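**Q** First the structure, then my questions, so here it is.
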Amino acid sequence: MSSLTVAYAVAFYVAAAVLVLGLVVKIKQYATTPSPLKIPTMPAPRTRLGVVLRILREVIYFESLFKSNKWIWICAVLFHAGLWLVLARHLRYFIEPVWFWVVLVQPFGIYAGFAMIAGLVALWARRIVVNRVRYISGPSDHLMLALLVGIGFSGMMLRFVERTDIIAVKAFFLGLLRFDLQPLPAEMPLLVHLGLVITLMIVFPFSKLLHVPGVFFSPSRAQVDDAREKRHLAPWAAKLDAERDSAAAE
Amino acid sequence: MAKAPTFDIPAFREDLANPAMVEGAMDHSQPFVAKPEHQEDLGFPGELVENWEQKAVEKLGDLLGKNKALRVYLDSCVKCGACTDKCHYYIGTGDPKNMPVARQDLLRSLYRRHFTLAGKIAPGLVGARDMDKEMLDDWYKYFHQCSQCRRCSVFCPYGIDTAEISMAARDIMDHIGVGQKYSNEILAKVHKIGNNLGLPKPALIDTMEGLEEDVLEDDGVAVRFPVDVQGADVLLVTPSADFFAEPHVDGLIGYAKVFHQAGINWTVSSYASEAANFAMFIGSYEQMHKVAARIRQAALDLGVKRVIFGECGHAWRVAYSFLNSLAGPWDFLDPKYPVPQHILEVTHDLIQRGAINLDPSANDDMTLTFHDSCNVARGSGMGNMEGGQFIIPREVIKASVNKFVEMDPATTCEKTFCCGGGGGLLTDDLMELRVKGALPRMEALKDVVDNNGVTHMAAICAICKSQFSKVMPYYGFPMDMIVSVHQLVSDAIQLGTKE
């Protein structure tokens with residue numbers, strides 16, 4: 001087994017562990033930190049089901065962003081929807097036999113790759129052209145876009161310019177999943193593509209990509225409008241009530 | 001106006017889409033700093049503590065563990081820019097630090113430096129910074145240029161609410177000894193006397209008796225304005241401005257007439273003679289709890305069955321969304337009624353049931369529009385229905401007047417603009433900010449004045465009413481253009497037709 005294969009295999013294992021553990025820690029933190037008060041952005045749903053639908057609208061078609069700015073919305077949808085389709089298309093490298101719907105999605109995944117890159121480039125252009133967005137953009141915002149564009153671009157290279165031995169790539173990933181290492185083709189575009197993906201996985205739980213779990217825990221979106229009907233009390237705030245009531249009893 | 005302003009009044013914009021950016025435009029704006037006695041009255045250090053840089057980080061850590069919103073919001077922002085043109089202070093001043101995301105970043109930079117791996121390893125890359133004098137100055141200036149109106153949170157794809165960030169930053173500053181004079185001085189008055197104005201019981205009784213005489217003289221009806229009546233059914237908690245400021249007091253007369261005609265036995269309390277809870281502005285749960293406890297105590301002492309709030313925006317947010325947490329459980333009150341109720345819910349219900357008679361032609365000399373107060377619109381509800389806070393005030397207005405016109409829908413309901421004076425900024429030392437922050441509302445008002453003949457704008461918030469009476473003249477509108485909704489009810493109600 002080449003040292004390159006071993007290096008990439010180890011890197012993937014490490015990256016997967018960092019991604020999963022990092023997200024578990026963060027999600028646990030979000031889930032367990034109390035909310036002292038009811039702060040849904042009103043008007044808000046009055047039932048739990050309503051809140052689930054509100055969050056679904058937020059994550060599926062970016063409802064609030066749509067209200068805000070149609071250009072950002074179009075770019076964001078192009079990128080995110082493109083990314084989902086591309087990810088779905090990539091599933092075939094990790095499963096055998098390939099599920100029927102994954103077969104169906106293959107041709108769309110190609111177009112989605114273009115959409116994804118177009119969305120990213122447009123979002124990046126906003127960071128340079130629109131003065132307000134330029135003002136709020138820091139180095140990490142540009143680097144994140146560079147990383148994602150790099151992944152998209154190197155992926156498209158692999159599909160259209162320097163086609164790699166995809167059978168071997170699939171064998172490598174199935175091997176990773178089965179803890180049975182298979183050789184990885186030593187081709188530059190492929191190594192770049194995979195290297196960038198590994199970087200993304202590691203960076204994920206330490207970066208603004210935390211918006212992915214964050215949106216599900218955002219109190220302004222995830223709380224029910226029922227403050228008058230149900231008493232909401234954070235555990236740490238309960239002791240203030242006890243002090244109040246004992247003072248009143250004296 | 002007493003004297004000419006020392007700043008430029010912003011011009012109505014031709015192009016609403018792209019507010020111009022002027023870096024540092026409001027770098028000179030900051031409210032008076034609380035004196036040691038204002039701070040110590042609330043249990044905060046009197047002046048900047050030793051080791052304040054460290055203490056600020058510790059307080060941030062404390063808040064992160066107590067408030068999910070802060071955690072999630074500080075992590076989640078992707079700098080998409082959706083909020084950048086949504087804040088009335090950015091629109092009015094052009095200062096980029098008044099873009100909600102940039103305001104958040106003032107705190108986020110400290111968070112990243114001390115509570116994220118990326119900020120510890122590569123601070124320059126992710127905009128992480130240590131606390132220093134420059135950062136503290138920026139905090140004091142720009143977290144006092146946020147009125148906590150939550151407009152940005154409507155448009156944020158993650159619902160990030162800059163109000164939460166501003167509240168946390170102000171709480172941290174209070175804890176290191178740098179508080180805002182206006183809010184902290186007022187809170188001390190509430191703790192000592194029971195209301196923001198420091199109006200003691202004898203003055204309150206005197207005022208209320210004066211109102212009884214006024215109404216008797218004007219309408220020939222003996223409408224009562226009771227104070228501290230033991231065993232009354234309803235405790236009315238209303239902003240203390242309602243007791244004497246114009247146009248607020250006309251609203252209070254309206255509530256009294258509604259109660260009178262509906263035969264509701266009510267009282268105000270001299271102990272809890274304030275609806276507003278300024279502790280929300282400074283982001284202190286403990287202070288909010290202490291202020292709210294007065295209302296609970298008054299309700300217990302007077303033995304009332306219901307609690308009803310007068311027209312007040314931030315007060316209604318605290319009342320509707322927080323009061324059950326802060327001062328509950330309310331199991332000693334009549335379970336048939338929501339706790340608390342808004343006076344508009346009460347009036348609306350009475351209108352629906354035909355229990356009060358309104359003659360809208362009494363207001364035919366006016367054409368009305370309605371300013372949705374930010375904290376009612378985005379921080380509360382009414383009528384136990386989604387969006388009731390938009391429907392109920394409008395239905396009450398339409399029952400009281402014949403001529404009603406809506407402003408541009410991009411500036412009403414959930415998208416309403418703050419009046420420019422909310423969130424603890426209604427102080428003369430921030431007059432430039434208040435005038436500039438009113439720009440988007442003034443533009444929308446100008447549009448309906450010019451095109452639809454609007455003569456008056458109704459509001460349901462004491463801050464909106466005070467702020468607009470003060471800033472509207474800067475934009476060429478008369479100060480008495482702003483009215484209370486219950487002032488309209490007061491004019492239209494047909495006393496003596498239902499008793």
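Residues are named by chain letter and number: chains run A, B, ... in the order of the structure tokens, numbers start at 1 in each chain, and ligands are numbered from 1 in the order shown.
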Please build the interface table for chain B against chain A with a cut-off of 7 Å, listing for each qualifying residue the nearest atom pair and the distance in Å to one decimal; count only C-alpha atoms, order rows by chain and increasing number, and write it as a tab-separated table.
**A**
```
residue	atom	partner	partner_atom	distance
B:Gly65	CA	A:Thr33	CA	6.0
B:Lys66	CA	A:Pro34	CA	5.8
B:Asn67	CA	A:Ser35	CA	5.1
B:Lys68	CA	A:Thr33	CA	5.0
B:Ala69	CA	A:Pro219	CA	5.9
B:Val72	CA	A:Gly214	CA	5.6
B:Asp75	CA	A:Lys208	CA	6.2
B:Ser76	CA	A:His211	CA	4.1
B:Cys77	CA	A:Lys208	CA	6.3
B:Val78	CA	A:Lys208	CA	5.5
B:Lys79	CA	A:Ile136	CA	6.5
B:Gly81	CA	A:Val133	CA	5.5
B:Ala82	CA	A:Ser68	CA	5.7
B:Thr84	CA	A:Arg132	CA	6.6
B:Ala102	CA	A:Ile136	CA	6.3
B:Leu117	CA	A:Phe206	CA	6.5
B:Ala118	CA	A:Phe206	CA	6.2
B:Leu125	CA	A:Pro139	CA	5.3
B:Val126	CA	A:Ser140	CA	5.4
B:Gly127	CA	A:Gly138	CA	6.6
B:Ser153	CA	A:Thr41	CA	6.9
B:Val154	CA	A:Ser64	CA	6.4
B:Phe155	CA	A:Ser64	CA	4.9
B:Cys156	CA	A:Ser64	CA	5.9
B:Pro157	CA	A:Ser64	CA	5.1
B:Tyr158	CA	A:Val215	CA	5.0
B:Gly159	CA	A:Ser220	CA	5.6
B:Tyr320	CA	A:Arg228	CA	6.3
B:Ser321	CA	A:Ala227	CA	5.2
B:Phe322	CA	A:Leu37	CA	6.1
B:Asn324	CA	A:Arg231	CA	5.5
B:Ser325	CA	A:His232	CA	5.3
B:Pro329	CA	A:Arg231	CA	7.0
B:Pro338	CA	A:Arg228	CA	6.6
B:Val339	CA	A:Arg228	CA	6.1
B:Ala377	CA	A:Met42	CA	6.6
B:Arg378	CA	A:Met42	CA	4.3
B:Gly379	CA	A:Met42	CA	5.6
B:Ser380	CA	A:Met42	CA	6.2
B:Gly381	CA	A:Pro43	CA	6.9
B:Glu386	CA	A:Pro43	CA	5.7
B:Gly387	CA	A:Pro43	CA	5.2
```
**Q** Run DSSP on the backbone and grab whatever in region 299-484 of chain B lands in alpha helix (DSSP H); send it over as a PyMOL selection string.
**A** chain B and resi 299-302+313-317+323-327+343-352+374-379+388-400+431-437+439-452+462-471
**Q** Out of A:Ile110, A:Ile167, A:Ile128, A:Met188, which residue has the shortest atom-to-atom distance to Gly152 (chain A) when counting only C-alpha atoms?
**A** A:Ile110
**Q** Hey, which of B:Ser166, B:Gln104, B:Asn451, B:Ser490 ends up closest to Asn357 (chain B)? Count only C-alpha atoms.
**A**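 Of B:Ser166, B:Gln104, B:Asn451, B:Ser490, the one nearest Asn357 (chain B) is B:Ser490, counting only C-alpha atoms.
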